Structure formats: C-alpha cells, structure tokens
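The next block is upload24.txt, given as compact mmCIF, C-alpha atoms.
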```txt
# COMPACT_ATOMS: atom_id res chain seq x y z
CA MET A 1 24.03 36.10 3.61
CA ILE A 2 22.41 36.03 0.18
CA GLU A 3 25.79 35.96 -1.58
CA HIS A 4 26.92 33.10 0.64
CA VAL A 5 23.81 31.05 -0.23
CA TYR A 6 24.09 31.98 -3.92
CA ARG A 7 27.67 30.74 -4.22
CA ARG A 8 26.94 27.52 -2.35
CA ALA A 9 23.99 26.80 -4.63
CA ALA A 10 26.08 27.50 -7.73
CA ALA A 11 28.62 24.89 -6.57
CA ALA A 12 26.06 22.05 -6.74
CA LEU A 13 26.80 19.62 -9.59
CA SER A 14 23.12 19.37 -10.55
CA VAL A 15 22.63 23.13 -10.92
CA GLY A 16 22.91 24.79 -14.31
CA ALA A 17 22.10 28.35 -13.20
CA VAL A 18 21.21 30.24 -10.03
CA VAL A 19 18.56 32.97 -10.07
CA VAL A 20 17.50 35.03 -7.05
CA ALA A 21 13.76 35.80 -7.00
CA THR A 22 12.83 38.79 -4.83
CA ASP A 23 10.48 41.74 -4.61
CA ASP A 24 12.98 43.78 -2.61
CA ALA A 25 15.07 46.26 -4.60
CA ARG A 26 17.74 46.23 -1.87
CA ILE A 27 18.27 42.49 -2.27
CA ALA A 28 18.28 42.86 -6.05
CA ALA A 29 20.98 45.53 -5.80
CA ALA A 30 23.08 43.35 -3.48
CA VAL A 31 22.87 40.39 -5.88
CA GLU A 32 23.78 42.51 -8.89
CA GLY A 33 26.64 43.94 -6.84
CA PHE A 34 28.38 40.57 -6.57
CA GLY A 35 27.57 39.64 -10.19
CA GLY A 36 24.59 37.36 -9.53
CA ILE A 37 21.43 36.92 -11.58
CA VAL A 38 18.25 38.35 -10.06
CA ARG A 39 14.61 38.65 -11.09
CA LEU A 40 12.29 41.17 -9.47
CA THR A 41 8.83 39.71 -8.87
CA ARG A 42 5.43 40.99 -7.84
CA SER A 43 5.13 41.93 -4.18
CA SER A 44 1.70 40.31 -3.80
CA HIS A 45 2.95 36.73 -3.40
CA LEU A 46 1.91 35.01 -0.17
CA SER A 47 4.76 32.47 -0.22
CA GLY A 48 8.21 31.87 -1.63
CA THR A 49 6.85 29.05 -3.77
CA ASP A 50 4.42 31.43 -5.46
CA ARG A 51 7.30 33.83 -6.12
CA LEU A 52 9.38 30.98 -7.54
CA ALA A 53 6.53 29.95 -9.83
CA GLU A 54 6.36 33.45 -11.33
CA VAL A 55 10.03 33.22 -12.34
CA ALA A 56 9.62 29.59 -13.47
CA GLU A 57 7.07 30.62 -16.09
CA ASP A 58 9.93 32.05 -18.15
CA LEU A 59 12.49 29.31 -17.51
CA ALA A 60 13.18 26.55 -20.04
CA CYS A 61 14.07 23.63 -17.77
CA ASP A 62 12.48 20.50 -16.34
CA ILE A 63 13.67 20.70 -12.72
CA ILE A 64 13.71 23.77 -10.48
CA VAL A 65 15.26 23.90 -7.01
CA ASN A 66 14.03 26.24 -4.30
CA VAL A 67 16.87 27.23 -1.95
CA GLN A 68 15.80 29.85 0.56
CA GLY A 69 18.07 32.83 1.03
CA ASP A 70 18.00 32.42 4.82
CA GLU A 71 19.73 28.99 4.71
CA PRO A 72 23.42 30.05 4.83
CA LEU A 73 24.62 26.61 5.91
CA VAL A 74 23.23 24.79 2.88
CA GLU A 75 25.81 22.49 1.32
CA PRO A 76 26.01 21.98 -2.47
CA GLU A 77 25.67 18.23 -1.89
CA MET A 78 22.28 18.80 -0.24
CA ILE A 79 20.94 20.31 -3.45
CA ASP A 80 22.23 17.34 -5.43
CA GLU A 81 20.57 14.96 -2.95
CA ALA A 82 17.21 16.72 -3.36
CA VAL A 83 17.43 16.68 -7.16
CA ALA A 84 18.46 13.01 -7.45
CA PRO A 85 14.97 11.43 -7.01
CA LEU A 86 13.57 13.48 -9.89
CA GLN A 87 16.49 12.45 -12.09
CA VAL A 88 15.98 8.71 -11.54
CA ASP A 89 12.18 8.42 -11.19
CA SER A 90 9.81 10.19 -13.59
CA ALA A 91 6.93 9.67 -11.15
CA VAL A 92 8.51 11.96 -8.54
CA THR A 93 7.33 15.55 -8.94
CA ILE A 94 8.64 17.12 -5.72
CA SER A 95 11.38 16.14 -3.30
CA THR A 96 12.89 17.60 -0.14
CA LEU A 97 15.34 16.75 2.65
CA ARG A 98 15.17 15.50 6.22
CA HIS A 99 17.85 15.25 8.91
CA ARG A 100 17.74 13.10 12.01
CA ILE A 101 17.10 15.03 15.23
CA THR A 102 19.56 14.32 18.04
CA ASP A 103 18.88 17.35 20.25
CA SER A 104 15.69 17.05 22.30
CA ALA A 105 15.35 20.84 22.28
CA ASP A 106 14.89 20.74 18.50
CA TYR A 107 12.13 18.16 18.88
CA THR A 108 10.01 20.54 20.97
CA ASN A 109 10.98 23.77 19.19
CA PRO A 110 8.10 25.03 16.98
CA HIS A 111 10.61 26.75 14.70
CA VAL A 112 12.02 23.30 13.84
CA VAL A 113 9.60 21.58 11.47
CA LYS A 114 9.31 17.84 11.97
CA VAL A 115 8.40 15.27 9.32
CA VAL A 116 7.26 11.64 9.46
CA VAL A 117 7.62 9.41 6.40
CA ASP A 118 6.38 6.10 5.01
CA ALA A 119 8.46 3.06 4.05
CA ASN A 120 9.33 4.64 0.68
CA GLY A 121 10.50 7.88 2.23
CA ASP A 122 7.43 9.82 1.13
CA ALA A 123 6.19 12.38 3.63
CA LEU A 124 3.14 11.47 5.69
CA TYR A 125 2.95 14.77 7.58
CA PHE A 126 4.91 17.87 8.52
CA SER A 127 4.35 19.69 11.80
CA ARG A 128 5.77 22.30 14.12
CA ALA A 129 4.60 20.07 16.98
CA PRO A 130 6.67 17.09 18.21
CA ILE A 131 5.82 14.15 15.94
CA PRO A 132 5.54 11.25 16.22
CA TYR A 133 4.13 10.98 19.72
CA VAL A 134 5.75 8.01 21.49
CA ARG A 135 3.63 6.35 24.19
CA ASP A 136 5.23 5.13 27.40
CA GLY A 137 6.97 1.81 26.86
CA ALA A 138 6.99 2.08 23.06
CA SER A 139 10.21 1.99 21.07
CA ALA A 140 11.07 5.45 19.78
CA PRO A 141 11.54 5.58 16.00
CA PRO A 142 14.03 7.97 14.36
CA VAL A 143 12.79 11.56 14.50
CA TYR A 144 13.50 13.91 11.61
CA ARG A 145 13.56 17.64 11.09
CA HIS A 146 12.55 18.97 7.72
CA ILE A 147 15.07 21.02 5.79
CA GLY A 148 13.18 23.49 3.62
CA LEU A 149 14.98 22.84 0.36
CA TYR A 150 12.80 21.58 -2.51
CA ALA A 151 13.30 20.25 -6.01
CA TYR A 152 10.26 20.47 -8.31
CA ARG A 153 9.36 19.47 -11.79
CA ARG A 154 8.56 22.76 -13.46
CA SER A 155 5.12 21.53 -14.57
CA PHE A 156 4.21 20.55 -11.00
CA LEU A 157 5.48 23.84 -9.56
CA LEU A 158 3.31 25.90 -11.91
CA ALA A 159 0.25 23.76 -11.12
CA PHE A 160 0.94 23.80 -7.37
CA ALA A 161 1.13 27.59 -7.27
CA ARG A 162 -2.40 27.77 -8.70
CA LEU A 163 -3.87 25.67 -5.86
CA ARG A 164 -5.66 27.46 -3.06
CA PRO A 165 -4.13 27.33 0.44
CA THR A 166 -5.53 24.49 2.55
CA PRO A 167 -6.72 24.25 6.19
CA LEU A 168 -3.70 22.34 7.54
CA GLU A 169 -1.33 24.60 5.63
CA LEU A 170 -2.90 27.67 7.20
CA ALA A 171 -3.05 26.13 10.67
CA GLU A 172 0.63 25.13 10.73
CA SER A 173 1.86 27.88 8.38
CA LEU A 174 3.59 25.20 6.28
CA GLU A 175 2.91 25.44 2.56
CA GLN A 176 4.15 21.91 1.83
CA LEU A 177 1.00 20.66 3.55
CA ARG A 178 -0.95 22.09 0.60
CA ALA A 179 0.60 19.40 -1.60
CA LEU A 180 -0.26 16.61 0.85
CA GLU A 181 -3.82 17.86 1.35
CA HIS A 182 -4.34 17.82 -2.41
CA GLY A 183 -3.10 14.23 -2.61
CA PHE A 184 0.40 14.77 -4.02
CA ARG A 185 3.37 12.77 -2.77
CA ILE A 186 6.51 14.48 -1.49
CA ARG A 187 9.63 12.32 -1.67
CA THR A 188 12.08 12.98 1.18
CA VAL A 189 15.77 12.15 1.24
CA GLU A 190 17.66 11.70 4.47
CA THR A 191 20.79 13.83 4.46
CA GLN A 192 23.76 13.72 6.80
CA HIS A 193 24.17 17.47 6.36
CA ASP A 194 22.32 19.85 8.63
CA SER A 195 21.19 23.39 7.99
CA ILE A 196 19.71 26.22 10.03
CA GLY A 197 17.07 28.55 8.67
CA VAL A 198 17.55 32.03 10.08
CA ASP A 199 14.13 32.83 11.55
CA THR A 200 15.15 34.57 14.78
CA PRO A 201 18.05 36.71 16.08
CA GLU A 202 19.17 33.64 18.04
CA ASP A 203 19.34 31.63 14.80
CA LEU A 204 21.49 34.33 13.20
CA GLU A 205 23.91 34.37 16.10
CA ARG A 206 24.15 30.56 16.05
CA VAL A 207 24.93 30.60 12.32
CA ARG A 208 27.58 33.29 12.78
CA ARG A 209 29.31 31.17 15.41
CA LEU A 210 29.25 28.09 13.18
CA LEU A 211 30.59 29.96 10.15
CA THR A 212 33.33 31.55 12.22
CA ALA A 213 34.35 28.16 13.61
CA ASP A 214 34.31 26.68 10.10
CA ALA A 215 36.52 29.49 8.77
CA ARG A 216 39.04 28.87 11.53
CA ALA A 217 39.14 25.10 10.97
```
Written form, structure tokens:
Amino acid sequence: MIEHVYRRAAAALSVGAVVVATDDARIAAAVEGFGGIVRLTRSSHLSGTDRLAEVAEDLACDIIVNVQGDEPLVEPEMIDEAVAPLQVDSAVTISTLRHRITDSADYTNPHVVKVVVDANGDALYFSRAPIPYVRDGASAPPVYRHIGLYAYRRSFLLAFARLRPTPLELAESLEQLRALEHGFRIRTVETQHDSIGVDTPEDLERVRRLLTADARA
C-alpha cells in the first residue's frame, strides 16, 4: 500500500520530492526496498502532523503536503488541487479537500468525516457526526466529506505542531479542529475525485475491490 501511495504522490505535477515519515522500521525497510526516500522519526508523536513537522524542520521548501499512507486511492491531481490555493494566494496557510457525499450511509458513518464551509470555501467545522442538520421542510444543502490530504506552508506547519491539543480536537479526535479553535482558516477545495482512508478491515476490502476493477478496466 505504501508504495502505491508513494508513486501516486510522486506523479503530482506540484510535487518536487516525496519523503515517507515513519517511526516503524518495517515501513522504512519497505520504502527503501522499492527505492523510496524515508525518514525515521521519534515514536512519541501523538499525530501524523507532529511527525511531519519533525521532518519539515530539515526541509528547504515553502509548501509541504501531507498524504497519509493509508489513502491508496489518492490521485495525483488531488495533490495538485490542494496545493493550488497556496500557490495563488499568499494569505492561505493550509488547504485541504472535500468531496460531495452522495451515499446516505457515508453521511451517518462516524469514520467518514464531514465538513461544512463558508462562502469562500473556508472550513467552518469538521465532525464525525452528520452535519449540517437539516430541519424538516428545509432545503438540503450539498453535504461534503473531508479528504484528509493537506497542503501547508512550512512556517505554519512548524507553528501548528507547537500548539497544544484543543477540547474539540480531543472530543472528535480530529486534529484539524486544533487549527480552527486557535482561529486559523483552512481553505477547502472541492474535488471530483474520491478517496478512501483504510481505517477498518472493511475499508481495506473495499479498496482492494476498487483497485482490482481499475486494473481490469
């Protein structure tokens, strides 16, 4: 899986280099085995963002993208979409992706993180609960799932990693809420591509079926 994600990330036009950050020697060995670049980090990190920030301290670049190794369906174009706002607007310090939900089961699934946004596309809130709540008789707005792919300015990433976890972040187990609770804006981009984070055995089996079907197409 990690090689699949690595090669998809490397194919993005906006990416200059791909580095795997891990504290697991087995993953490091697998990455080195297929010729990838890997950095072993401390094992004390509480989140992937904190791990990414450790590696970012030694990187000489302005923009850093966080692609999780359990997102095997990520498309290179998705990475380019997430990076684009930072390339065109110096005020944007963090951006991520959202995809319109069409399956009602995803709307109620706590493993599918939902996001609501303002008129500029900046995130208002992320939740594992179904949001927004639509009262009887009200017109239902588009509903979006959050895709956990982020682009950061390096300076913001380093500062963000030094912030203490916040109450909403801990309650929902969603670290992006730390940024919102501290008053930072998160720009979101609607993508037509979808992705599945592998969080459960069912997710893994679903991804395997999709990849097999894609290979046969």
Q | Separation of atom CA of A:Pro142 from atom CA of A:Glu81, in Å and rounded to one decimal | A | 19.8 Å
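Distance annotation: of A:Ile79, A:Val92, A:Ala129, A:Val38, the residue with the minimal separation from A:Ser173 is A:Ala129; atom set is all atoms listed in the file.
In this model, the gap between atom CA of A:Asp106 and atom CA of A:Ile2 comes to 25.0 Å.
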At a cut-off of 10 Å around the point (22.6, 32.5, -0.9) (file coordinates), what residues fall inside when counting all atoms listed in the file? I'd like the answer as a short mmCIF file (atom, residue, chain, number, x, y, z; two decimals) with C-alpha atoms, in the frame of the given file.
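Saved as result.cif:
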```
data_model
loop_
_atom_site.label_atom_id
_atom_site.label_comp_id
_atom_site.auth_asym_id
_atom_site.auth_seq_id
_atom_site.Cartn_x
_atom_site.Cartn_y
_atom_site.Cartn_z
CA MET A 1 24.03 36.10 3.61
CA ILE A 2 22.41 36.03 0.18
CA GLU A 3 25.79 35.96 -1.58
CA HIS A 4 26.92 33.10 0.64
CA VAL A 5 23.81 31.05 -0.23
CA TYR A 6 24.09 31.98 -3.92
CA ARG A 7 27.67 30.74 -4.22
CA ARG A 8 26.94 27.52 -2.35
CA ALA A 9 23.99 26.80 -4.63
CA ALA A 10 26.08 27.50 -7.73
CA VAL A 18 21.21 30.24 -10.03
CA VAL A 20 17.50 35.03 -7.05
CA VAL A 31 22.87 40.39 -5.88
CA VAL A 67 16.87 27.23 -1.95
CA GLN A 68 15.80 29.85 0.56
CA GLY A 69 18.07 32.83 1.03
CA ASP A 70 18.00 32.42 4.82
CA GLU A 71 19.73 28.99 4.71
CA PRO A 72 23.42 30.05 4.83
CA LEU A 73 24.62 26.61 5.91
CA VAL A 74 23.23 24.79 2.88
#
```
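For the pair atom CA of A:Arg178 and atom CA of A:Thr166, the separation is 5.5 Å.
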Can you list every residue of stretch 88-140 of chain A that has an atom at most 7 Å from stretch 190-194 of chain A, with its nearest atom pair and the distance in Å to one decimal, using all atoms listed in the file, ordered by chain then number, as a Markdown table?
```
| residue | atom | partner | partner_atom | distance |
| --- | --- | --- | --- | --- |
| A:Leu97 | CA | A:Glu190 | CA | 5.8 |
| A:Arg98 | CA | A:Glu190 | CA | 4.9 |
| A:His99 | CA | A:Thr191 | CA | 5.5 |
```
**Q.** Nearest to A:Phe184 by atom-to-atom distance, counting all atoms listed in the file, from A:Ser139, A:Glu205, A:Leu124, A:His146
**A.** A:Leu124
For A:Thr96, work out the shell of residues within 12 Å, counting only C-alpha atoms and skipping chain neighbours fewer than 3 positions away, then give it as a PDB file with C-alpha atoms, keeping the file's coordinate frame.
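Written output follows (result13.pdb):
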```pdb
ATOM      1  CA  VAL A  65      15.260  23.900  -7.010  1.00  0.00           C
ATOM      2  CA  ASN A  66      14.030  26.240  -4.300  1.00  0.00           C
ATOM      3  CA  VAL A  67      16.870  27.230  -1.950  1.00  0.00           C
ATOM      4  CA  MET A  78      22.280  18.800  -0.240  1.00  0.00           C
ATOM      5  CA  ILE A  79      20.940  20.310  -3.450  1.00  0.00           C
ATOM      6  CA  ASP A  80      22.230  17.340  -5.430  1.00  0.00           C
ATOM      7  CA  GLU A  81      20.570  14.960  -2.950  1.00  0.00           C
ATOM      8  CA  ALA A  82      17.210  16.720  -3.360  1.00  0.00           C
ATOM      9  CA  VAL A  83      17.430  16.680  -7.160  1.00  0.00           C
ATOM     10  CA  ALA A  84      18.460  13.010  -7.450  1.00  0.00           C
ATOM     11  CA  PRO A  85      14.970  11.430  -7.010  1.00  0.00           C
ATOM     12  CA  LEU A  86      13.570  13.480  -9.890  1.00  0.00           C
ATOM     13  CA  VAL A  92       8.510  11.960  -8.540  1.00  0.00           C
ATOM     14  CA  THR A  93       7.330  15.550  -8.940  1.00  0.00           C
ATOM     15  CA  HIS A  99      17.850  15.250   8.910  1.00  0.00           C
ATOM     16  CA  VAL A 115       8.400  15.270   9.320  1.00  0.00           C
ATOM     17  CA  VAL A 117       7.620   9.410   6.400  1.00  0.00           C
ATOM     18  CA  GLY A 121      10.500   7.880   2.230  1.00  0.00           C
ATOM     19  CA  ASP A 122       7.430   9.820   1.130  1.00  0.00           C
ATOM     20  CA  ALA A 123       6.190  12.380   3.630  1.00  0.00           C
ATOM     21  CA  PHE A 126       4.910  17.870   8.520  1.00  0.00           C
ATOM     22  CA  ARG A 145      13.560  17.640  11.090  1.00  0.00           C
ATOM     23  CA  HIS A 146      12.550  18.970   7.720  1.00  0.00           C
ATOM     24  CA  ILE A 147      15.070  21.020   5.790  1.00  0.00           C
ATOM     25  CA  GLY A 148      13.180  23.490   3.620  1.00  0.00           C
ATOM     26  CA  LEU A 149      14.980  22.840   0.360  1.00  0.00           C
ATOM     27  CA  TYR A 150      12.800  21.580  -2.510  1.00  0.00           C
ATOM     28  CA  ALA A 151      13.300  20.250  -6.010  1.00  0.00           C
ATOM     29  CA  TYR A 152      10.260  20.470  -8.310  1.00  0.00           C
ATOM     30  CA  GLN A 176       4.150  21.910   1.830  1.00  0.00           C
ATOM     31  CA  ARG A 185       3.370  12.770  -2.770  1.00  0.00           C
ATOM     32  CA  ILE A 186       6.510  14.480  -1.490  1.00  0.00           C
ATOM     33  CA  ARG A 187       9.630  12.320  -1.670  1.00  0.00           C
ATOM     34  CA  THR A 188      12.080  12.980   1.180  1.00  0.00           C
ATOM     35  CA  VAL A 189      15.770  12.150   1.240  1.00  0.00           C
ATOM     36  CA  GLU A 190      17.660  11.700   4.470  1.00  0.00           C
ATOM     37  CA  THR A 191      20.790  13.830   4.460  1.00  0.00           C
TER      38      THR A 191
END
```
**Q.** Distance query 6 Å from (4.1, 29.3, -10.0) using all atoms listed in the file, result as a list in words
**A.**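 Those residues lying close to the given coordinates are Asp50, Ala53, Glu54, Leu157, Leu158 and Ala161 of chain A.
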(Q) Which residue is closest to A:His111? Choose from A:Arg164, A:Gly183, A:Glu77, A:Glu172 and count only C-alpha atoms. (A)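 Looking at the shortest contact to A:His111, the residue is A:Glu172.
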Q | For A:Val116: contacts at 8 Å, all atoms listed in the file, fewer than 2 positions along chain excluded, given as a PyMOL selection string | A | chain A and resi 114+118+123-126+131-132+143-144
Would you mind putting N, CA and C atoms back on stretch 168-189 of chain A and writing the result as a JSON list (two decimals), in the frame of the given file?
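Written out: selection.json:
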```json
[["chain", "number", "residue", "atom", "x", "y", "z"],
["A", 168, "LEU", "N", -4.88, 22.73, 6.76],
["A", 168, "LEU", "CA", -3.70, 22.34, 7.54],
["A", 168, "LEU", "C", -2.53, 23.27, 7.25],
["A", 169, "GLU", "N", -2.38, 23.65, 6.00],
["A", 169, "GLU", "CA", -1.33, 24.60, 5.63],
["A", 169, "GLU", "C", -1.46, 25.89, 6.42],
["A", 170, "LEU", "N", -2.67, 26.41, 6.50],
["A", 170, "LEU", "CA", -2.90, 27.67, 7.20],
["A", 170, "LEU", "C", -2.73, 27.51, 8.71],
["A", 171, "ALA", "N", -3.15, 26.36, 9.23],
["A", 171, "ALA", "CA", -3.05, 26.13, 10.67],
["A", 171, "ALA", "C", -1.60, 26.04, 11.13],
["A", 172, "GLU", "N", -0.77, 25.33, 10.35],
["A", 172, "GLU", "CA", 0.63, 25.13, 10.73],
["A", 172, "GLU", "C", 1.56, 26.18, 10.11],
["A", 173, "SER", "N", 1.04, 26.95, 9.15],
["A", 173, "SER", "CA", 1.86, 27.88, 8.38],
["A", 173, "SER", "C", 3.00, 27.14, 7.69],
["A", 174, "LEU", "N", 2.64, 26.04, 7.01],
["A", 174, "LEU", "CA", 3.59, 25.20, 6.28],
["A", 174, "LEU", "C", 3.00, 24.92, 4.90],
["A", 175, "GLU", "N", 3.53, 25.56, 3.87],
["A", 175, "GLU", "CA", 2.91, 25.44, 2.56],
["A", 175, "GLU", "C", 3.06, 24.07, 1.93],
["A", 176, "GLN", "N", 4.03, 23.25, 2.39],
["A", 176, "GLN", "CA", 4.15, 21.91, 1.83],
["A", 176, "GLN", "C", 2.94, 21.04, 2.16],
["A", 177, "LEU", "N", 2.20, 21.41, 3.21],
["A", 177, "LEU", "CA", 1.00, 20.66, 3.55],
["A", 177, "LEU", "C", -0.07, 20.83, 2.48],
["A", 178, "ARG", "N", 0.00, 21.91, 1.70],
["A", 178, "ARG", "CA", -0.95, 22.09, 0.60],
["A", 178, "ARG", "C", -0.83, 20.94, -0.39],
["A", 179, "ALA", "N", 0.39, 20.52, -0.67],
["A", 179, "ALA", "CA", 0.60, 19.40, -1.60],
["A", 179, "ALA", "C", 0.01, 18.11, -1.04],
["A", 180, "LEU", "N", 0.27, 17.84, 0.25],
["A", 180, "LEU", "CA", -0.26, 16.61, 0.85],
["A", 180, "LEU", "C", -1.78, 16.63, 0.91],
["A", 181, "GLU", "N", -2.36, 17.77, 1.25],
["A", 181, "GLU", "CA", -3.82, 17.86, 1.35],
["A", 181, "GLU", "C", -4.49, 17.69, -0.01],
["A", 182, "HIS", "N", -3.78, 18.01, -1.06],
["A", 182, "HIS", "CA", -4.34, 17.82, -2.41],
["A", 182, "HIS", "C", -3.97, 16.46, -2.99],
["A", 183, "GLY", "N", -3.35, 15.60, -2.18],
["A", 183, "GLY", "CA", -3.10, 14.23, -2.61],
["A", 183, "GLY", "C", -1.80, 13.98, -3.34],
["A", 184, "PHE", "N", -0.90, 14.95, -3.36],
["A", 184, "PHE", "CA", 0.40, 14.77, -4.02],
["A", 184, "PHE", "C", 1.39, 14.15, -3.04],
["A", 185, "ARG", "N", 2.33, 13.38, -3.58],
["A", 185, "ARG", "CA", 3.37, 12.77, -2.77],
["A", 185, "ARG", "C", 4.61, 13.64, -2.77],
["A", 186, "ILE", "N", 5.25, 13.75, -1.61],
["A", 186, "ILE", "CA", 6.51, 14.48, -1.49],
["A", 186, "ILE", "C", 7.59, 13.48, -1.09],
["A", 187, "ARG", "N", 8.52, 13.23, -1.99],
["A", 187, "ARG", "CA", 9.63, 12.32, -1.67],
["A", 187, "ARG", "C", 10.63, 13.04, -0.77],
["A", 188, "THR", "N", 11.07, 12.40, 0.29],
["A", 188, "THR", "CA", 12.08, 12.98, 1.18],
["A", 188, "THR", "C", 13.35, 12.14, 1.11],
["A", 189, "VAL", "N", 14.46, 12.81, 1.24],
["A", 189, "VAL", "CA", 15.77, 12.15, 1.24],
["A", 189, "VAL", "C", 16.47, 12.47, 2.55]]
```
